[in-house]
Structures are given as structure tokens and as C-alpha cells.
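Pasting structure_21.tsv here (TSV, C-alpha atoms (C1' of nucleotides)):
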```tsv
chain	number	residue	atom	x	y	z
A	1	MET	CA	0.00	0.00	0.00
A	2	ARG	CA	2.00	2.92	1.27
A	3	ALA	CA	0.64	6.41	1.12
A	4	ALA	CA	1.17	10.02	1.94
A	5	LEU	CA	-0.29	13.32	0.91
A	6	ALA	CA	-2.38	13.83	-2.16
A	7	SER	CA	-5.89	12.53	-2.34
A	8	PRO	CA	-7.37	14.10	-5.43
A	9	LEU	CA	-10.32	15.74	-3.79
A	10	LEU	CA	-9.08	16.58	-0.33
A	11	ALA	CA	-5.67	17.57	-1.60
A	12	ALA	CA	-7.33	19.94	-4.00
A	13	VAL	CA	-9.15	21.52	-1.12
A	14	ALA	CA	-6.13	21.55	1.17
A	15	SER	CA	-4.42	24.22	-0.87
A	16	PRO	CA	-5.41	27.73	0.19
A	17	ARG	CA	-4.75	28.86	-3.35
A	18	ARG	CA	-7.18	26.38	-4.84
A	19	ARG	CA	-9.70	27.12	-2.12
A	20	GLU	CA	-9.44	30.77	-3.07
A	21	ILE	CA	-10.17	29.89	-6.69
A	22	LEU	CA	-12.93	27.52	-5.72
A	23	ARG	CA	-14.61	30.22	-3.75
A	24	LEU	CA	-14.44	32.65	-6.63
A	25	VAL	CA	-16.26	30.23	-8.89
A	26	TRP	CA	-18.59	28.90	-6.20
A	27	ASN	CA	-21.52	31.12	-7.12
A	28	SER	CA	-20.55	32.57	-10.47
A	29	GLU	CA	-18.99	31.36	-13.65
A	30	LEU	CA	-15.72	33.17	-14.26
A	31	ALA	CA	-13.17	33.28	-17.05
A	32	ALA	CA	-9.64	32.17	-16.29
A	33	GLY	CA	-8.55	35.78	-16.73
A	34	ASP	CA	-11.06	37.03	-14.17
A	35	ILE	CA	-9.73	34.55	-11.70
A	36	HIS	CA	-6.18	35.57	-12.39
A	37	ARG	CA	-7.09	39.21	-11.96
A	38	ALA	CA	-8.39	38.38	-8.50
A	39	MET	CA	-5.02	36.92	-7.50
A	40	PRO	CA	-2.37	39.11	-9.04
A	41	ASP	CA	0.47	37.73	-6.95
A	42	VAL	CA	0.79	34.72	-9.24
A	43	THR	CA	1.19	34.39	-12.98
A	44	PHE	CA	-1.60	33.52	-15.34
A	45	GLY	CA	0.17	30.26	-15.98
A	46	ALA	CA	0.06	29.31	-12.34
A	47	VAL	CA	-3.66	30.00	-12.16
A	48	SER	CA	-4.22	28.00	-15.30
A	49	LEU	CA	-2.38	25.05	-13.81
A	50	GLN	CA	-4.44	25.19	-10.65
A	51	LEU	CA	-7.60	25.34	-12.71
A	52	LYS	CA	-6.44	22.29	-14.56
A	53	ALA	CA	-5.80	20.52	-11.27
A	54	LEU	CA	-9.24	21.47	-10.00
A	55	SER	CA	-10.74	20.26	-13.24
A	56	LYS	CA	-8.97	16.95	-13.11
A	57	ALA	CA	-10.06	16.45	-9.51
A	58	GLY	CA	-13.62	17.09	-10.60
A	59	LEU	CA	-14.05	20.20	-8.49
A	60	VAL	CA	-14.80	22.60	-11.30
A	61	HIS	CA	-16.51	22.50	-14.65
A	62	SER	CA	-15.28	24.49	-17.61
A	63	ARG	CA	-16.63	25.44	-21.00
A	64	ALA	CA	-15.35	27.44	-23.91
A	65	ASP	CA	-16.91	30.80	-24.66
A	66	GLY	CA	-15.33	32.20	-27.79
A	67	ASN	CA	-11.96	33.39	-26.79
A	68	HIS	CA	-12.54	32.72	-23.12
A	69	ARG	CA	-12.82	29.67	-20.95
A	70	LEU	CA	-15.40	29.84	-18.20
A	71	TYR	CA	-15.13	27.96	-14.94
A	72	ARG	CA	-17.60	27.15	-12.21
A	73	ALA	CA	-17.54	24.95	-9.12
A	74	ARG	CA	-19.27	21.58	-9.33
A	75	ARG	CA	-20.87	22.10	-5.95
A	76	ALA	CA	-23.26	19.21	-6.04
A	77	GLU	CA	-20.48	16.71	-6.63
A	78	LEU	CA	-18.45	17.74	-3.61
A	79	GLY	CA	-20.68	16.17	-0.96
A	80	PRO	CA	-19.31	16.49	2.56
A	81	VAL	CA	-16.33	18.48	1.32
A	82	GLY	CA	-18.55	21.11	-0.19
A	83	ARG	CA	-20.54	21.40	2.98
A	84	MET	CA	-17.32	21.80	4.94
A	85	LEU	CA	-16.12	24.57	2.67
A	86	GLU	CA	-19.39	26.45	2.93
A	87	ASN	CA	-19.29	26.17	6.69
A	88	MET	CA	-15.71	27.34	6.79
A	89	TRP	CA	-16.51	30.31	4.63
A	90	LYS	CA	-19.42	31.27	6.85
A	91	ASP	CA	-17.33	31.01	9.97
A	92	GLN	CA	-15.45	34.19	10.80
A	93	LEU	CA	-12.85	32.39	12.85
A	94	TRP	CA	-12.03	30.19	9.90
A	95	LYS	CA	-11.68	33.22	7.67
A	96	LEU	CA	-8.97	34.45	9.98
A	97	LYS	CA	-7.24	31.14	9.86
A	98	LEU	CA	-7.23	31.21	6.07
A	99	LEU	CA	-5.54	34.59	6.07
A	100	VAL	CA	-2.80	33.34	8.33
A	101	GLU	CA	-2.38	30.31	6.13
A	102	LEU	CA	-2.11	32.38	2.99
A	103	GLU	CA	0.57	34.49	4.59
A	104	GLN	CA	2.52	31.68	6.13
A	105	SER	CA	2.39	28.94	3.58
A	106	ARG	CA	4.53	29.31	0.52
A	107	ARG	CA	6.20	27.06	-1.98
A	108	GLY	CA	7.91	27.07	-5.30
A	109	PRO	CA	10.50	29.52	-6.50
A	110	ARG	CA	10.42	33.10	-5.37
A	111	PRO	CA	10.04	35.65	-8.11
A	112	ARG	CA	13.36	36.30	-9.81
A	113	LYS	CA	12.68	39.98	-10.48
A	114	LYS	CA	10.96	42.63	-8.50
A	115	THR	CA	8.79	43.91	-11.33
A	116	ARG	CA	5.54	42.03	-11.64
A	117	LYS	CA	3.94	43.76	-14.60
A	118	SER	CA	5.23	41.87	-17.57
A	119	HIS	CA	2.89	39.99	-19.83
A	120	SER	CA	-0.62	41.41	-19.86
A	121	SER	CA	-1.43	43.53	-16.81
A	122	ARG	CA	-4.41	45.39	-18.12
A	123	THR	CA	-5.58	46.08	-14.57
A	124	ALA	CA	-9.22	45.27	-15.33
B	1	MET	CA	1.10	37.16	0.28
B	2	ARG	CA	1.82	34.16	-1.92
B	3	ALA	CA	0.60	30.75	-0.96
B	4	ALA	CA	0.33	27.12	-1.87
B	5	LEU	CA	-0.36	23.88	-0.11
B	6	ALA	CA	-0.18	23.38	3.59
B	7	SER	CA	-2.82	24.83	5.79
B	8	PRO	CA	-2.21	23.28	9.17
B	9	LEU	CA	-5.62	21.81	9.66
B	10	LEU	CA	-6.75	20.96	6.18
B	11	ALA	CA	-3.33	19.79	5.14
B	12	ALA	CA	-3.31	17.45	8.10
B	13	VAL	CA	-6.58	16.02	6.91
B	14	ALA	CA	-5.55	15.87	3.26
B	15	SER	CA	-3.12	13.07	3.95
B	16	PRO	CA	-4.73	9.63	3.78
B	17	ARG	CA	-2.14	8.41	6.22
B	18	ARG	CA	-3.04	11.01	8.82
B	19	ARG	CA	-6.71	10.46	8.17
B	20	GLU	CA	-6.12	6.80	8.86
B	21	ILE	CA	-4.48	7.64	12.17
B	22	LEU	CA	-7.13	10.17	13.02
B	23	ARG	CA	-9.80	7.61	12.51
B	24	LEU	CA	-8.06	5.12	14.75
B	25	VAL	CA	-8.02	7.60	17.62
B	26	TRP	CA	-11.41	9.08	16.85
B	27	ASN	CA	-13.32	7.03	19.37
B	28	SER	CA	-10.62	5.48	21.49
B	29	GLU	CA	-7.40	6.54	23.08
B	30	LEU	CA	-4.51	4.54	21.62
B	31	ALA	CA	-0.81	4.25	22.30
B	32	ALA	CA	1.61	5.16	19.53
B	33	GLY	CA	2.54	1.51	19.32
B	34	ASP	CA	-1.06	0.42	18.83
B	35	ILE	CA	-1.37	2.87	15.98
B	36	HIS	CA	1.81	1.64	14.42
B	37	ARG	CA	0.65	-1.94	14.71
B	38	ALA	CA	-2.44	-0.98	12.72
B	39	MET	CA	-0.30	0.28	9.85
B	40	PRO	CA	2.62	-2.10	9.52
B	41	ASP	CA	3.69	-0.82	6.12
B	42	VAL	CA	5.51	2.11	7.67
B	43	THR	CA	8.10	2.36	10.40
B	44	PHE	CA	7.35	3.37	13.95
B	45	GLY	CA	9.36	6.51	13.32
B	46	ALA	CA	7.10	7.52	10.45
B	47	VAL	CA	4.00	7.04	12.58
B	48	SER	CA	5.54	9.03	15.37
B	49	LEU	CA	6.28	11.90	13.01
B	50	GLN	CA	2.72	11.92	11.74
B	51	LEU	CA	1.45	11.91	15.30
B	52	LYS	CA	3.66	14.86	16.01
B	53	ALA	CA	2.28	16.64	12.97
B	54	LEU	CA	-1.27	15.93	14.06
B	55	SER	CA	-0.43	17.17	17.53
B	56	LYS	CA	1.08	20.38	16.29
B	57	ALA	CA	-1.93	20.99	14.08
B	58	GLY	CA	-4.16	20.53	17.12
B	59	LEU	CA	-5.95	17.50	15.74
B	60	VAL	CA	-4.99	15.10	18.49
B	61	HIS	CA	-4.32	15.24	22.19
B	62	SER	CA	-1.69	13.13	23.85
B	63	ARG	CA	-0.76	12.17	27.37
B	64	ALA	CA	1.91	10.06	28.98
B	65	ASP	CA	0.94	6.78	30.56
B	66	GLY	CA	3.98	5.21	32.11
B	67	ASN	CA	6.02	3.87	29.32
B	68	HIS	CA	3.40	4.66	26.71
B	69	ARG	CA	2.00	7.74	25.09
B	70	LEU	CA	-1.70	7.77	24.48
B	71	TYR	CA	-3.35	9.69	21.68
B	72	ARG	CA	-6.92	10.68	21.00
B	73	ALA	CA	-8.61	12.93	18.45
B	74	ARG	CA	-9.67	16.39	19.59
B	75	ARG	CA	-13.00	16.03	17.89
B	76	ALA	CA	-14.68	19.07	19.31
B	77	GLU	CA	-11.97	21.37	18.04
B	78	LEU	CA	-12.24	20.27	14.45
B	79	GLY	CA	-15.51	22.02	13.66
B	80	PRO	CA	-16.61	21.67	10.05
B	81	VAL	CA	-13.60	19.52	9.26
B	82	GLY	CA	-14.57	16.97	11.87
B	83	ARG	CA	-18.09	16.82	10.55
B	84	MET	CA	-16.75	16.29	7.05
B	85	LEU	CA	-14.58	13.42	8.20
B	86	GLU	CA	-17.42	11.72	10.00
B	87	ASN	CA	-19.60	12.05	6.93
B	88	MET	CA	-16.88	10.70	4.71
B	89	TRP	CA	-16.36	7.74	6.99
B	90	LYS	CA	-20.05	6.96	7.00
B	91	ASP	CA	-20.26	7.14	3.24
B	92	GLN	CA	-19.37	3.88	1.50
B	93	LEU	CA	-18.46	5.60	-1.72
B	94	TRP	CA	-15.94	7.70	0.10
B	95	LYS	CA	-14.45	4.66	1.74
B	96	LEU	CA	-13.76	3.33	-1.72
B	97	LYS	CA	-12.15	6.57	-2.73
B	98	LEU	CA	-9.86	6.43	0.29
B	99	LEU	CA	-8.68	2.97	-0.70
B	100	VAL	CA	-7.82	4.14	-4.18
B	101	GLU	CA	-6.01	7.09	-2.71
B	102	LEU	CA	-3.99	4.96	-0.37
B	103	GLU	CA	-2.92	2.82	-3.27
B	104	GLN	CA	-2.17	5.58	-5.69
B	105	SER	CA	-0.62	8.27	-3.59
B	106	ARG	CA	2.91	7.73	-2.47
B	107	ARG	CA	5.89	9.80	-1.47
B	108	GLY	CA	9.25	9.49	0.12
B	109	PRO	CA	11.82	6.84	-0.51
B	110	ARG	CA	10.83	3.32	-1.30
B	111	PRO	CA	12.07	0.74	1.17
B	112	ARG	CA	15.69	-0.18	0.45
B	113	LYS	CA	15.34	-3.75	1.57
B	114	LYS	CA	12.58	-6.21	1.24
B	115	THR	CA	12.70	-7.36	4.84
B	116	ARG	CA	10.59	-5.20	7.08
B	117	LYS	CA	11.20	-6.85	10.39
B	118	SER	CA	14.20	-5.08	11.73
B	119	HIS	CA	13.85	-3.10	14.91
B	120	SER	CA	10.95	-4.33	17.00
B	121	SER	CA	8.38	-6.33	15.06
B	122	ARG	CA	6.76	-8.15	17.88
B	123	THR	CA	3.73	-8.80	15.65
B	124	ALA	CA	1.27	-8.10	18.48
C	1	DC	C1'	23.04	0.62	37.56
C	2	DA	C1'	21.94	-2.17	33.44
C	3	DT	C1'	18.61	-3.24	30.43
C	4	DC	C1'	14.25	-3.77	28.26
C	5	DT	C1'	10.57	-1.56	26.06
C	6	DA	C1'	8.11	2.47	24.12
C	7	DT	C1'	8.63	6.33	21.83
C	8	DT	C1'	10.94	10.48	19.73
C	9	DT	C1'	14.41	12.67	17.19
C	10	DT	C1'	17.98	13.27	13.67
C	11	DA	C1'	20.07	12.93	9.25
C	12	DG	C1'	19.55	11.83	4.79
C	13	DT	C1'	16.76	10.38	0.54
C	14	DT	C1'	13.14	10.65	-2.76
C	15	DT	C1'	9.13	12.36	-4.68
C	16	DC	C1'	6.08	15.87	-5.49
C	17	DA	C1'	3.54	20.43	-5.50
C	18	DA	C1'	3.65	25.29	-6.58
C	19	DC	C1'	5.54	28.22	-8.77
C	20	DT	C1'	8.22	31.22	-13.00
C	21	DA	C1'	9.39	32.36	-17.65
C	22	DA	C1'	8.72	31.53	-22.02
C	23	DA	C1'	6.87	29.10	-25.84
C	24	DG	C1'	2.70	27.23	-27.87
C	25	DT	C1'	-2.33	27.06	-29.27
C	26	DA	C1'	-6.67	28.87	-30.60
C	27	DG	C1'	-10.51	32.01	-31.38
C	28	DA	C1'	-11.73	36.72	-33.00
C	29	DT	C1'	-10.90	40.58	-35.91
C	30	DA	C1'	-8.88	43.66	-39.22
D	1	DT	C1'	-3.10	36.23	-43.67
D	2	DA	C1'	-1.40	38.72	-39.81
D	3	DT	C1'	-2.20	39.93	-35.36
D	4	DC	C1'	-4.37	40.65	-31.02
D	5	DT	C1'	-6.13	38.55	-27.02
D	6	DA	C1'	-7.09	34.62	-23.93
D	7	DC	C1'	-5.51	30.83	-22.35
D	8	DT	C1'	-2.55	26.41	-21.93
D	9	DT	C1'	1.59	23.89	-21.94
D	10	DT	C1'	6.50	22.95	-21.25
D	11	DA	C1'	10.82	23.07	-18.96
D	12	DG	C1'	13.10	24.06	-15.10
D	13	DT	C1'	13.60	25.65	-10.01
D	14	DT	C1'	12.67	25.41	-5.18
D	15	DG	C1'	10.81	23.98	-0.86
D	16	DA	C1'	8.57	20.82	1.62
D	17	DA	C1'	6.32	16.32	2.74
D	18	DA	C1'	6.73	11.41	3.62
D	19	DC	C1'	9.39	8.35	4.32
D	20	DT	C1'	13.90	5.16	6.18
D	21	DA	C1'	17.54	3.77	9.26
D	22	DA	C1'	19.66	4.57	13.16
D	23	DA	C1'	20.68	7.11	17.27
D	24	DA	C1'	18.75	9.27	21.33
D	25	DT	C1'	15.53	9.68	25.28
D	26	DA	C1'	12.73	8.11	29.01
D	27	DG	C1'	10.04	5.21	32.02
D	28	DA	C1'	9.77	0.51	34.14
D	29	DT	C1'	12.04	-3.46	36.06
D	30	DG	C1'	15.44	-6.75	37.54
```
What does the file become when written as C-alpha cells?
Amino acid sequence: MRAALASPLLAAVASPRRREILRLVWNSELAAGDIHRAMPDVTFGAVSLQLKALSKAGLVHSRADGNHRLYRARRAELGPVGRMLENMWKDQLWKLKLLVELEQSRRGPRPRKKTRKSHSSRTA
Amino acid sequence: MRAALASPLLAAVASPRRREILRLVWNSELAAGDIHRAMPDVTFGAVSLQLKALSKAGLVHSRADGNHRLYRARRAELGPVGRMLENMWKDQLWKLKLLVELEQSRRGPRPRKKTRKSHSSRTA
DNA sequence: CATCTATTTTAGTTTCAACTAAAGTAGATA
DNA sequence: TATCTACTTTAGTTGAAACTAAAATAGATG
């Protein structure tokens, strides 16, 4: 057997970043770009990869819309996990915890350069 | 800001291994050795480290008992997460998912030798 | 004290997740 | 067709998680 981290669904939800995305598309369908605009501290590519991960884990649905790709949470499919998320989001104390997590947790390479306005910052 | 995986509580629960442990001590207080005996595919050291992680994340309580150290889940403190776990454990479909996860997910070095009966396998 | 038993800790390895930068794809539009 | 915009994919980096083996700690017991 032998196991560790990474269960598709719970692992998807364990990442504050993906939870952030999930929340954005919980009640409205958003384009990848909209989602990226809501989290400008990461590249578009990073957001796209997380969306792909969420898709693969079955947490979000996506559809093409001309030039855009629209995403929305597959709430019904999440069962107990979805209920947990909704409860966490309602709960003020948990909101605080999320903030701390977002500040504390960090992985991957740090940005090489200080400027973060390269590829397409149209600032909404 | 900048974030990624690893939120103390949800990350703790995202690991099938830790969920396995958590379930063992959900309704009864168990010694570290008992827990290890229930998961013979990993070393005692590995179990101990996971218990430490669970402790630090506030998911379990521990107390000394002579030679032993007894662990139990801090169910009340887990809020929505605890409820999710209980629901998942009740749900047969989710049980199946956990099995798949335990088989598929894997990290860390593979065992160097085939014999796994080195340090203290008293086989209960 | 010596030693057994239960557990933790340390050091080192491997695998993986989250990122970046840059290249690639695809629809719309001139 | 060329080009803009929206998005995805690839290659490569970094940090951390899950382990192993072995050493260290600590309580019980002769």
C-alpha cells in the first residue's frame, strides 16, 4: 500500500490557493482571466495550472466561450467536502485562519525579479 | 502574500495516512505503538512523526501513561472539518475513494530492503 | 546501575507540488 | 493572412512532505 499526501479531492481543497479559486467560482462562472485578476500575486500560468488541477479532480466544470474559458464549481459533486467549505466560509474564525495560512504557507520559486507587470497587466 | 499547499488543519486532513491515524483515535485513546501496529507498512518513526504533525496541528491530544504515550482525536476542536470526516467515513463511496487514494498516492523513498522486520516487530 | 521496552528525534533520501518564464495554441478581428 | 487577445503547456527551479535507518531519550524493572 503505502501512502502520503495527495488525495485528489481533499488535496485539491487543502491548498489555500485552490480554495481561493474555488470560492471565486462557487456562485458565479468566471473566465480564467477574471480569476487571475483576483489573484495578481501569481502568474496567469500558475492560475491556469491550478484550474487544470481542480478540473482533473472534478471540483470545477469548464466550458469554452469564444476566446474565453469559463469555470464554475461543481458544488453538487463535492458532498461532505462542499458542505465543509461552505461552513468554513461562513465562519469568521475560519476566515482568519485562512488569512494566516495564505501568509505563512509558501512554496515554489520566489520571483526572480521585483517587477511584476510583464505579460498582460491590463488592470481590469 | 503568496501561498500554496499546507494549511495546518486541512493539510493534516488531506493526507490519507493522517486520516487513517485520526480515525483510529477518533473514538478510542490509543498508544503510539497500537497505531503503528495498525499500519505495519511504515516504520514506527514515520507514525511518530505523523502523530507529532497531528499534535502540532491541534488535531490530536496526547498524554503520557507510564512507558506509553496515548493519543486521541480532539473532535470538538475540528468544527466543520470533523463533521466532514465523519460524513466521509459513513459514506461507503468515500471509503472506496480512500482505498484508491492509499494505493495511488505515495511519497518518500521506497524501502531499500525487502525485509521489514528489523527493529521491533513483535507482531502483536 | 543495566537493560528492556516504548517512543521520539535526527540525518539523509526521494518524490512531489507550486511556482516562473517563455513558448505554444486557438478564437476573434482587421 | 497577420495579429491581437485569452488561455494552456513545457521546462526548469525550489521547498517541503513522507518516508527510512539509526541514534537518542525516558520510564519501568530486575
* To do: One decimal, Å: what's the distance from CA of Val25 in chain B over to CA of Arg83 in chain B, could you say?
  =>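 Distance between the two atoms: 15.4 Å.
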* Asked: Quick one: residues within 9 Å of Ala53 in chain A, only C-alpha atoms (C1' of nucleotides) counted, chain neighbours fewer than 5 positions away excluded, as a ChimeraX atom specification?
  -> /A:8,12,18,48,58-59
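Interatomic distance, CA of Arg72 in chain A against CA of Val47 in chain A: 14.2 Å.
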* Do me a favour and pick out the residues of chain D within 8 Å of chain B, using only C-alpha atoms (C1' of nucleotides), as a list in words. => DA17, DA18, DC19, DT20, DA26, DG27 and DA28 of chain D
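Separating C1' of DA21 in chain D from CA of Ile21 in chain B is a distance of 22.5 Å.
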* To do: Using only C-alpha atoms (C1' of nucleotides), find which residues of chain C lie within 10 Å of chain B and jot them down as a VMD selection string.
  => chain C and resid 5 to 9 13 to 19
* Asked: If we count all atoms listed in the file, what is near Pro80 in chain B at a cut-off of 12 Å, once residues fewer than 4 positions away on the same chain are taken out, given as a PyMOL selection string?
  -> (chain A and resi 80-91+93-94) or (chain B and resi 9-10+13+75-76+84-87)
For Glu20 in chain A, find every residue with an atom within 10 Å (counting only C-alpha atoms (C1' of nucleotides)), except residues of its own chain fewer than 4 positions away, and show them as a PDB file with C-alpha atoms, in the frame of the given file.
```pdb
ATOM      1  CA  VAL A  13      -9.150  21.520  -1.120  1.00  0.00           C
ATOM      2  CA  SER A  15      -4.420  24.220  -0.870  1.00  0.00           C
ATOM      3  CA  PRO A  16      -5.410  27.730   0.190  1.00  0.00           C
ATOM      4  CA  LEU A  24     -14.440  32.650  -6.630  1.00  0.00           C
ATOM      5  CA  VAL A  25     -16.260  30.230  -8.890  1.00  0.00           C
ATOM      6  CA  TRP A  26     -18.590  28.900  -6.200  1.00  0.00           C
ATOM      7  CA  ILE A  35      -9.730  34.550 -11.700  1.00  0.00           C
ATOM      8  CA  ALA A  38      -8.390  38.380  -8.500  1.00  0.00           C
ATOM      9  CA  MET A  39      -5.020  36.920  -7.500  1.00  0.00           C
ATOM     10  CA  LEU A  98      -7.230  31.210   6.070  1.00  0.00           C
ATOM     11  CA  LEU A 102      -2.110  32.380   2.990  1.00  0.00           C
TER      12      LEU A 102
END
```
* To do: Excluding Tyr71 in chain A and residues on its chain fewer than 6 positions from it, collect all residues at most 7 Å away from it, counting only C-alpha atoms (C1' of nucleotides), and give them as JSON, numbers by chain.
  => {"A": [25, 29, 30, 31, 60, 61, 62, 63]}
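With only C-alpha atoms as the atoms that count, the minimum distance from chain B to the choices A:Lys56, A:Arg19, A:Asn27, A:Asp41 is reached by A:Asp41.
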Using C-alpha atoms, give me range 43-73 of chain B from the structure I just pasted, as a PDB file, in the first residue's frame.
```pdb
ATOM      1  CA  THR B  43       8.104   2.361  10.402  1.00  0.00           C
ATOM      2  CA  PHE B  44       7.351   3.365  13.952  1.00  0.00           C
ATOM      3  CA  GLY B  45       9.358   6.515  13.322  1.00  0.00           C
ATOM      4  CA  ALA B  46       7.101   7.516  10.453  1.00  0.00           C
ATOM      5  CA  VAL B  47       4.000   7.036  12.582  1.00  0.00           C
ATOM      6  CA  SER B  48       5.544   9.030  15.374  1.00  0.00           C
ATOM      7  CA  LEU B  49       6.282  11.895  13.008  1.00  0.00           C
ATOM      8  CA  GLN B  50       2.720  11.917  11.745  1.00  0.00           C
ATOM      9  CA  LEU B  51       1.452  11.914  15.305  1.00  0.00           C
ATOM     10  CA  LYS B  52       3.657  14.862  16.013  1.00  0.00           C
ATOM     11  CA  ALA B  53       2.275  16.643  12.972  1.00  0.00           C
ATOM     12  CA  LEU B  54      -1.272  15.929  14.060  1.00  0.00           C
ATOM     13  CA  SER B  55      -0.434  17.172  17.533  1.00  0.00           C
ATOM     14  CA  LYS B  56       1.078  20.380  16.286  1.00  0.00           C
ATOM     15  CA  ALA B  57      -1.931  20.988  14.080  1.00  0.00           C
ATOM     16  CA  GLY B  58      -4.157  20.534  17.116  1.00  0.00           C
ATOM     17  CA  LEU B  59      -5.948  17.501  15.742  1.00  0.00           C
ATOM     18  CA  VAL B  60      -4.987  15.095  18.491  1.00  0.00           C
ATOM     19  CA  HIS B  61      -4.317  15.242  22.190  1.00  0.00           C
ATOM     20  CA  SER B  62      -1.685  13.125  23.850  1.00  0.00           C
ATOM     21  CA  ARG B  63      -0.763  12.173  27.369  1.00  0.00           C
ATOM     22  CA  ALA B  64       1.911  10.059  28.975  1.00  0.00           C
ATOM     23  CA  ASP B  65       0.941   6.778  30.565  1.00  0.00           C
ATOM     24  CA  GLY B  66       3.980   5.206  32.110  1.00  0.00           C
ATOM     25  CA  ASN B  67       6.022   3.870  29.325  1.00  0.00           C
ATOM     26  CA  HIS B  68       3.395   4.658  26.712  1.00  0.00           C
ATOM     27  CA  ARG B  69       2.004   7.745  25.093  1.00  0.00           C
ATOM     28  CA  LEU B  70      -1.695   7.766  24.478  1.00  0.00           C
ATOM     29  CA  TYR B  71      -3.348   9.685  21.683  1.00  0.00           C
ATOM     30  CA  ARG B  72      -6.920  10.678  20.999  1.00  0.00           C
ATOM     31  CA  ALA B  73      -8.608  12.933  18.451  1.00  0.00           C
TER      32      ALA B  73
END
```
